[in-house]
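The structure appears below as structure tokens.
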Amino acid sequence: MAVAPTSYLHSKIDSAQYSLSCASKVFVGLRAQSPNCYGVGKPNLNVEFHAKVYKSMESRSSNRKPTRGRVSMMPIGTPRVPYRNPTEGTWQWVDLWNALYRERVIFIGQHIDEEFSNQILATMLYLDSIEDSKKLYMYINGPGGDLTPSMAIYDTMQSLKSAVGTHCVGYAYNLAGFLLAAGEKGNRFAMPLSRIALQSPAGAARGQADDIQNEADELLRIRDYLFKELAEKTGQPVDKIHKDLGRVKRFNAQEALEYGLIDRIVRPHRIKADAPRKDSTAGLG
């Protein structure tokens, strides 16, 4: 007689476990929560919220009528931002850098090699081809890079019909500082805490004596060309630039402004002391 209640209890538990389906599955956060020995899972109020969001998105996607200003949910794991297509008027999620490129903003924030230089060249040439009346904005925060790829960016900047404004946001060392000074006159900016360093281009020639001599002569020719261009951009005499850049010369924002590398230091807008205080509840409805 003692076996009957135990078998009855097991039958009740088994029937409760097998009665669960996908529709009755409970979740903890976004993970499925297995039921306990009594067939009852831990309650979670987030399940209803996520279900409502999913049903709302599903109902909107089923409605094929065009809606104005509707943006779908951003995919997780990718730095994307909503961007409005100016021709079609529709919104879409695009890569952050892609959105900035469409706004004619270019970033140089790494070592400049052949691959990165080609990407910058292609972007500048494309933006200049679609509309050459607007300015390009080049933000620089990097250590410079290889000589030939950096010179390719410089020559392309000078050949574009679009004006190229340069902005130093951090540091611009070596050839990155040269590109900073190569921007359009009046459109070369730097942040107050930015740092700039310039020096004579260096090489790493190897091989026979004649090969090393040829490489050294070519390096001296490129150095003289860069110093001449830098003298035109800064207004400094060529002899002074040769003397100053014989070794690494560092500038803060104010020194770069006085030397002629930049035209203005970008400072945040300050609120006047006697300005009326804004209402803290503005914009809250």
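By convention here, the chains of the structure tokens are called A, B, ... in the order presented, each chain's residues are numbered starting at 1, and ligands are numbered starting at 1 in the order presented.
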
List the neighbours of stretch 134-148 of chain A out to 7 Å using only C-alpha atoms; skip same-chain residues closer than 2 positions along the sequence, and give me the result as an NGL selection string.
:A and (104-113 or 131-132 or 150-152 or 162-176)

Nearby residues (only C-alpha atoms) at most 7 Å from A:Trp93, same-chain spacing under 6 positions excluded, as a PDB file with N, CA and C atoms, in the first residue's frame:
ATOM      1  N   MET A  74      18.534  48.292 -34.592  1.00  0.00           N
ATOM      2  CA  MET A  74      19.944  48.207 -34.965  1.00  0.00           C
ATOM      3  C   MET A  74      20.488  46.817 -34.683  1.00  0.00           C
ATOM      4  N   ARG A  80      26.998  50.513 -35.960  1.00  0.00           N
ATOM      5  CA  ARG A  80      26.225  51.092 -37.046  1.00  0.00           C
ATOM      6  C   ARG A  80      25.341  52.212 -36.520  1.00  0.00           C
ATOM      7  N   VAL A  81      25.011  53.124 -37.414  1.00  0.00           N
ATOM      8  CA  VAL A  81      24.188  54.277 -37.062  1.00  0.00           C
ATOM      9  C   VAL A  81      23.101  54.444 -38.111  1.00  0.00           C
ATOM     10  N   PRO A  82      21.957  55.023 -37.745  1.00  0.00           N
ATOM     11  CA  PRO A  82      20.914  55.274 -38.747  1.00  0.00           C
ATOM     12  C   PRO A  82      21.322  56.408 -39.681  1.00  0.00           C
ATOM     13  N   TYR A  83      21.153  56.187 -40.960  1.00  0.00           N
ATOM     14  CA  TYR A  83      21.529  57.190 -41.962  1.00  0.00           C
ATOM     15  C   TYR A  83      20.372  57.351 -42.936  1.00  0.00           C
TER      16      TYR A  83
END

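Interatomic distance, atom CA of A:Arg221 to atom CA of A:Asp155: 16.2 Å.
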
Secondary structure check, strand (DSSP E or B) residues of stretch 71-169 of chain A, as a count of residues only:
29
